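Visitor: Below is one structure. I have some questions about it.
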Amino acid sequence: MASEELRLIEAGQRGDVEAFNQLVRLYEARVYNLCYRMLGDADTAADVTQETFISAYQNLRRFRGGVFRAWLLRIATNACHDTLRAQKRRPAVSLDAPQESESGAPFDVVDTAETPDETALRHELARAIEQGLAQLPEDQRIVVILSDVQGLAYEEIAEITGANLGTIKSRLSRGRARLRDILRAGELLPSKFRHDDG
């Protein structure tokens, strides 16, 4: 896979649009999921995903090796930060509005043995986590998403965010603790998942 990815990158750097399109197909879901969880809006995430790939294509000749996925996710992360800054200047999207996605609820795992009540609880929990993530500061939100949702290693998160390992571990710890506190404090977390012990 790595040699095929390298071949596609080199072809893309020479201007082969179809090779770049294959790279897009390899990474579009991962980039979109990152953008969606950072921005909390499906349409905005789709726009930023598209911007990410346009920027990657325009700058592909500058890619000098390393982990392509990390390079691409760094572009996406920066685009998300830019979008969030712009939204703060002119807020237009309510984080309380129900989120819609054609692929179903985020964190959606299909279990055919589920009862309707269990399905409803799972969707409720996914919404609570999404709303909790939206309340985290951007620097904590991105590391929680990259680590706990995308499953990346600390080193790759450091490369994507430009922060050192100690900072990554600290932000992840604070982000997880804050998310846990948000879920416990509010009515976001379904009662089945709440623990009364402090």
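Quick note on naming: the chains in the structure tokens go A, B, ... in the order shown, residues restart at 1 in each chain, and ligands are numbered from 1 in order of appearance.
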DSSP says helix (DSSP H, G or I) for which residues of range 5-185 of chain A? Put them as JSON, numbers by chain?

Guide: {"A": [5, 6, 7, 8, 9, 10, 11, 12, 13, 17, 18, 19, 20, 21, 22, 23, 24, 25, 26, 27, 28, 29, 30, 31, 32, 33, 34, 35, 36, 37, 38, 39, 42, 43, 44, 45, 46, 47, 48, 49, 50, 51, 52, 53, 54, 55, 56, 57, 58, 59, 60, 61, 62, 68, 69, 70, 71, 72, 73, 74, 75, 76, 77, 78, 79, 80, 81, 82, 83, 84, 85, 86, 87, 88, 89, 116, 117, 118, 119, 120, 121, 122, 123, 124, 125, 126, 127, 128, 129, 130, 131, 132, 133, 134, 135, 138, 139, 140, 141, 142, 143, 144, 145, 146, 147, 148, 149, 154, 155, 156, 157, 158, 159, 160, 161, 165, 166, 167, 168, 169, 170, 171, 172, 173, 174, 175, 176, 177, 178, 179, 180, 181, 182, 183, 184, 185]}

Visitor: Using only C-alpha atoms, can you tell me which of A:Arg127, A:Arg69, A:Arg141, A:Lys88 comes closest to Ser173 in chain A?

Guide: A:Arg141

Visitor: Let me make sure I understand: among A:Ser3, A:Gln150, A:Gln58, A:Thr83, which one has the smallest atom-to-atom distance to Val31 in chain A if we use only C-alpha atoms?

Guide: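 Between A:Ser3, A:Gln150, A:Gln58, A:Thr83, the residue approaching Val31 in chain A most closely is A:Gln150.
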
Visitor: Counting only C-alpha atoms, which of A:Ile9, A:Ile168, A:Ala29, A:Val149 gets nearest to Glu130 in chain A?

Guide: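 Between A:Ile9, A:Ile168, A:Ala29, A:Val149, the residue approaching Glu130 in chain A most closely is A:Val149.
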